[in-house]
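Asker: Next up is a structure, given as structure tokens.
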2 protein chains.
Amino acid sequence: MKANIITISREFGSGGREIGQKLAAKLGIPFYDKEIIAETAYKTGFAEEYVKKQGEYASARNWFEYSFSARNNSYGMSPEDYLWSKQREVILDLVKKGPCVIVGRCADYILRDRNDVLNVFIHADYDKRIKRICEVYKEPEHTEKMLKDIDKKRSFNYKYYTEQTWGKSQNYDITLDAGTLGIDQCVDIIAEVAKKDLDK
Amino acid sequence: MKANIITISREFGSGGREIGQKLAAKLGIPFYDKEIIAETAYKTGFAEEYVKKQGEYASARNWFEYSFSARNNSYGMSPEDYLWSKQREVILDLVKKGPCVIVGRCADYILRDRNDVLNVFIHADYDKRIKRICEVYKEPEHTEKMLKDIDKKRSFNYKYYTEQTWGKSQNYDITLDAGTLGIDQCVDIIAEVAKKDLDK
């Protein structure tokens, strides 16, 4: 069966988001990003800026905090867990509309029961990501801290909600080093694979 | 710069070796496997069968054994470390001859200082590997144990000699799930990438 949905997980600064956008344009299918934020904000009543920032981060930042987090007490669901569950519903609804590209948000895990999902992970080496972040975000003084911080949060968020390891090659159909291969070649590889049948 | 050398690391039973052979045939370059064994056997004086079996395994099987292994005492080098160092020399000599494909043997790590090496990791899910091993090795009763045992040894060997994690996507330019993508598509993807420049 052909891949109708392509999920792209990515290291911060690797160019994964740009790859997702270009891939969707090349395949002529929607790239869901702002739609997920807007719809999740609408469903939860949270501000779009909060959804944008927290949508890929779990509430707890380490095992200690996790042990004492809202998830494990009797006071109900934490705001982050509530956001995650609503965001999950939004993703499950959006994919009903047809083929699409989704970046981040544990979409690979959320859609794990479907056999028409191609899961991709994009990474690049540290120096190339720093260079890209400086170019894109224009704040070189915060770049290194930003990179470490965001990757740590994404990794923890993935582990927290999926119990799996973020970036472990066995979790994906393809992983690509966008630093050595280049953005456009990554787009071409994924687009080619999306035309063929997946044996899932 | 184009990739002159392609290294393929692989989970046992994933089809990585077949991908390496087909890729080399498609690109019209040598596939080094028996040459490495024969040359290492010649250099060390060890039997070819021993080199074949031990060439991808370290001497110690866990951290406890590692702590007390020959590597850490004053009685000289262990036979496995000696084999590894000679095999490394053989690989470094072979690649001087020109473009080639090498499967396993930590070749990605051994050649890490070159900027014309494309590093690939091939994996597949457990059930598909079991099926493939049954077909190839015709010993279904030993299959599961064999799979777990060999992967564990390869993983430990990689860690032991490279201090890096085997199968971690960030260590490779490309990782592919040969179970969902199929052997031939993996060959095509790698062959296409090998025609382009790598930014290393």
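Each chain of the structure tokens is named A, B, ... in the order shown, its residues numbered from 1; ligands are numbered from 1 in display order.
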Apply DSSP to the structure's backbone, then extract all residues of chain B labelled helix (DSSP H, G or I) and return them as an MDAnalysis selection string.

Answerer: chainID B and resid 16:27 34:44 48:54 63:67 70:72 79:97 107:110 126:137 140:162 169:171 178:181 183:195

Asker: What are the closest atom pairs, with distances in Å to one decimal, for each residue of chain B lying within 7 Å of chain A, using only C-alpha atoms, rows by chain and rising residue number, as a tab-separated table?

Answerer:
residue	atom	partner	partner_atom	distance
B:His123	CA	A:Gln170	CA	6.5
B:Gly167	CA	A:Ser169	CA	6.1
B:Lys168	CA	A:Lys168	CA	5.4
B:Ser169	CA	A:Ser169	CA	4.8
B:Gln170	CA	A:His123	CA	6.5
B:Asp173	CA	A:Asp177	CA	4.8
B:Ile174	CA	A:Leu176	CA	4.7
B:Thr175	CA	A:Thr175	CA	5.0
B:Leu176	CA	A:Ile174	CA	4.8
B:Asp177	CA	A:Asp173	CA	4.8
B:Gly179	CA	A:Asp199	CA	6.8
B:Thr180	CA	A:Asp199	CA	4.4
B:Leu181	CA	A:Leu198	CA	5.7
B:Ile189	CA	A:Ile189	CA	6.9
B:Leu198	CA	A:Thr180	CA	5.2
B:Asp199	CA	A:Thr180	CA	4.4
B:Lys200	CA	A:Thr180	CA	5.7

Asker: Got a sec to align chain A on chain B by every in-order Cα pair and hand back the fitted coordinates as a compact mmCIF listing (two decimals) with C-alpha atoms, in the first residue's frame?

Answerer:
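Dumped everything to selection.txt:
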# COMPACT_ATOMS: atom_id res chain seq x y z
CA MET A 1 32.47 15.43 -3.13
CA LYS A 2 30.93 12.16 -4.34
CA ALA A 3 30.88 9.10 -2.07
CA ASN A 4 33.63 6.73 -3.19
CA ILE A 5 33.07 4.29 -0.37
CA ILE A 6 29.74 3.05 0.95
CA THR A 7 29.66 1.33 4.33
CA ILE A 8 26.62 -0.72 5.29
CA SER A 9 25.95 -1.61 8.90
CA ARG A 10 22.99 -3.88 9.45
CA GLU A 11 20.82 -5.76 11.88
CA PHE A 12 21.10 -9.53 11.49
CA GLY A 13 18.46 -10.80 9.06
CA SER A 14 17.58 -7.35 7.69
CA GLY A 15 19.00 -8.05 4.23
CA GLY A 16 21.86 -5.54 4.59
CA ARG A 17 24.41 -7.90 3.07
CA GLU A 18 22.22 -8.58 0.03
CA ILE A 19 21.67 -4.82 -0.34
CA GLY A 20 25.45 -4.30 -0.26
CA GLN A 21 26.04 -6.96 -2.94
CA LYS A 22 23.30 -5.66 -5.24
CA LEU A 23 24.43 -2.07 -4.73
CA ALA A 24 28.04 -2.89 -5.64
CA ALA A 25 26.85 -4.75 -8.76
CA LYS A 26 24.62 -1.82 -9.73
CA LEU A 27 27.41 0.71 -9.28
CA GLY A 28 30.01 -1.58 -10.89
CA ILE A 29 32.37 -1.40 -7.90
CA PRO A 30 33.81 -4.16 -5.67
CA PHE A 31 31.92 -5.56 -2.68
CA TYR A 32 34.50 -6.42 -0.02
CA ASP A 33 33.70 -9.29 2.27
CA LYS A 34 35.68 -12.46 1.55
CA GLU A 35 38.72 -10.33 0.66
CA ILE A 36 38.69 -8.80 4.14
CA ILE A 37 38.43 -12.22 5.78
CA ALA A 38 41.15 -13.81 3.61
CA GLU A 39 43.57 -10.90 3.98
CA THR A 40 42.99 -10.62 7.74
CA ALA A 41 43.51 -14.38 8.13
CA TYR A 42 46.75 -14.07 6.18
CA LYS A 43 47.98 -11.11 8.25
CA THR A 44 47.10 -12.60 11.64
CA GLY A 45 47.72 -16.28 10.95
CA PHE A 46 44.22 -17.02 12.32
CA ALA A 47 41.94 -19.47 10.49
CA GLU A 48 39.51 -17.89 8.02
CA GLU A 49 36.56 -19.42 9.89
CA TYR A 50 37.73 -17.74 13.13
CA VAL A 51 38.17 -14.38 11.39
CA LYS A 52 34.72 -14.71 9.80
CA LYS A 53 33.07 -15.40 13.15
CA GLN A 54 35.09 -13.10 15.41
CA GLY A 55 35.66 -10.22 12.97
CA GLU A 56 32.47 -8.52 14.09
CA TYR A 57 32.54 -9.46 17.77
CA ALA A 58 34.52 -8.00 20.61
CA SER A 59 36.21 -10.14 23.21
CA ALA A 60 34.06 -9.01 26.11
CA ARG A 61 30.33 -9.57 26.13
CA ASN A 62 29.31 -7.26 28.95
CA TRP A 63 30.68 -4.48 31.16
CA PHE A 64 31.71 -6.96 33.85
CA GLU A 65 33.78 -9.07 31.48
CA TYR A 66 35.04 -5.83 29.89
CA SER A 67 36.30 -4.58 33.25
CA PHE A 68 38.45 -7.68 33.66
CA SER A 69 39.31 -8.23 29.98
CA ALA A 70 42.78 -8.53 28.52
CA ARG A 71 42.46 -4.95 27.26
CA ASN A 72 42.70 -3.70 30.85
CA ASN A 73 45.46 -5.86 32.23
CA SER A 74 49.19 -5.96 31.68
CA TYR A 75 49.37 -9.28 29.84
CA GLY A 76 49.17 -7.73 26.37
CA MET A 77 46.54 -7.53 23.67
CA SER A 78 43.66 -10.02 23.49
CA PRO A 79 43.39 -12.13 20.30
CA GLU A 80 40.15 -10.30 19.45
CA ASP A 81 41.75 -6.86 19.82
CA TYR A 82 44.68 -8.03 17.69
CA LEU A 83 42.25 -9.35 15.06
CA TRP A 84 40.36 -6.07 15.11
CA SER A 85 43.49 -3.96 14.62
CA LYS A 86 44.68 -6.12 11.72
CA GLN A 87 41.23 -6.13 10.14
CA ARG A 88 41.29 -2.33 10.43
CA GLU A 89 44.60 -2.24 8.53
CA VAL A 90 43.13 -4.49 5.81
CA ILE A 91 40.14 -2.18 5.39
CA LEU A 92 42.35 0.93 5.24
CA ASP A 93 44.50 -0.79 2.58
CA LEU A 94 41.56 -2.04 0.50
CA VAL A 95 39.90 1.37 0.23
CA LYS A 96 43.10 2.75 -1.29
CA LYS A 97 42.30 0.70 -4.41
CA GLY A 98 39.26 2.85 -5.18
CA PRO A 99 35.47 2.97 -4.80
CA CYS A 100 33.85 0.01 -3.02
CA VAL A 101 31.07 -1.24 -0.74
CA ILE A 102 31.96 -2.65 2.70
CA VAL A 103 29.46 -4.39 4.97
CA GLY A 104 29.88 -4.36 8.76
CA ARG A 105 33.18 -4.49 10.66
CA CYS A 106 32.84 -0.91 12.03
CA ALA A 107 34.05 0.35 8.62
CA ASP A 108 32.05 3.57 9.09
CA TYR A 109 34.06 4.32 12.23
CA ILE A 110 37.39 3.15 10.79
CA LEU A 111 36.95 5.50 7.81
CA ARG A 112 35.50 8.40 9.81
CA ASP A 113 38.25 10.86 8.82
CA ARG A 114 37.46 10.62 5.10
CA ASN A 115 34.87 12.93 3.57
CA ASP A 116 33.90 10.62 0.70
CA VAL A 117 32.23 7.86 2.71
CA LEU A 118 28.46 7.31 2.71
CA ASN A 119 27.39 5.50 5.87
CA VAL A 120 24.19 3.46 5.77
CA PHE A 121 22.38 1.42 8.43
CA ILE A 122 19.81 -1.23 7.43
CA HIS A 123 17.22 -2.60 9.83
CA ALA A 124 13.88 -4.40 9.71
CA ASP A 125 11.28 -5.38 12.25
CA TYR A 126 11.67 -8.51 14.32
CA ASP A 127 9.07 -10.68 12.56
CA LYS A 128 10.40 -9.92 9.09
CA ARG A 129 13.95 -10.69 10.15
CA ILE A 130 12.88 -14.00 11.72
CA LYS A 131 11.12 -14.89 8.45
CA ARG A 132 14.18 -14.00 6.37
CA ILE A 133 16.59 -15.90 8.63
CA CYS A 134 14.37 -19.01 8.42
CA GLU A 135 14.43 -18.75 4.63
CA VAL A 136 18.16 -18.10 4.35
CA TYR A 137 19.57 -20.29 7.14
CA LYS A 138 16.95 -23.06 7.07
CA GLU A 139 17.19 -23.60 10.83
CA PRO A 140 13.93 -22.27 12.24
CA GLU A 141 14.44 -23.84 15.67
CA HIS A 142 17.52 -21.70 16.38
CA THR A 143 16.36 -18.54 14.65
CA GLU A 144 15.13 -16.40 17.55
CA LYS A 145 18.12 -17.12 19.75
CA MET A 146 20.48 -16.58 16.81
CA LEU A 147 18.93 -13.21 16.00
CA LYS A 148 19.11 -11.88 19.55
CA ASP A 149 22.57 -13.25 20.08
CA ILE A 150 24.14 -11.88 16.91
CA ASP A 151 22.54 -8.42 17.21
CA LYS A 152 23.71 -8.20 20.82
CA LYS A 153 27.25 -9.13 19.81
CA ARG A 154 27.33 -6.66 16.90
CA SER A 155 26.00 -3.90 19.10
CA PHE A 156 28.50 -4.63 21.86
CA ASN A 157 31.36 -4.92 19.37
CA TYR A 158 30.51 -1.50 17.90
CA LYS A 159 30.32 0.11 21.34
CA TYR A 160 33.53 -1.64 22.45
CA TYR A 161 35.66 -0.45 19.54
CA THR A 162 34.03 2.88 18.67
CA GLU A 163 32.48 4.15 21.93
CA GLN A 164 29.39 4.95 19.88
CA THR A 165 25.88 3.53 19.71
CA TRP A 166 25.16 1.01 16.96
CA GLY A 167 22.03 1.88 14.98
CA LYS A 168 21.70 5.43 16.34
CA SER A 169 20.43 7.41 13.36
CA GLN A 170 22.80 10.32 13.98
CA ASN A 171 25.80 8.06 13.20
CA TYR A 172 24.68 7.45 9.61
CA ASP A 173 23.89 9.48 6.49
CA ILE A 174 20.93 7.22 5.81
CA THR A 175 19.11 4.52 7.72
CA LEU A 176 16.49 2.41 5.95
CA ASP A 177 13.87 -0.11 7.05
CA ALA A 178 14.42 -2.87 4.49
CA GLY A 179 11.31 -4.62 5.79
CA THR A 180 8.88 -1.84 4.83
CA LEU A 181 10.81 -0.43 1.84
CA GLY A 182 12.06 -3.70 0.32
CA ILE A 183 15.59 -4.73 -0.65
CA ASP A 184 15.50 -3.36 -4.21
CA GLN A 185 14.19 0.05 -3.21
CA CYS A 186 16.94 0.34 -0.59
CA VAL A 187 19.50 -0.43 -3.31
CA ASP A 188 17.97 2.23 -5.58
CA ILE A 189 17.93 4.91 -2.87
CA ILE A 190 21.57 4.35 -1.91
CA ALA A 191 22.68 4.17 -5.57
CA GLU A 192 20.95 7.49 -6.30
CA VAL A 193 22.59 9.17 -3.30
CA ALA A 194 25.98 7.79 -4.32
CA LYS A 195 25.75 9.76 -7.58
CA LYS A 196 25.40 13.10 -5.79
CA ASP A 197 27.87 15.17 -3.78
CA LEU A 198 28.09 14.68 -0.03
CA ASP A 199 28.68 17.77 2.09
CA LYS A 200 31.19 16.39 4.62

Asker: Give me every strand (DSSP E) residue in chain A, going by DSSP on the backbone, as a PyMOL selection string.

Answerer: chain A and resi 5-10+31-32+100-103+117-123+174-177
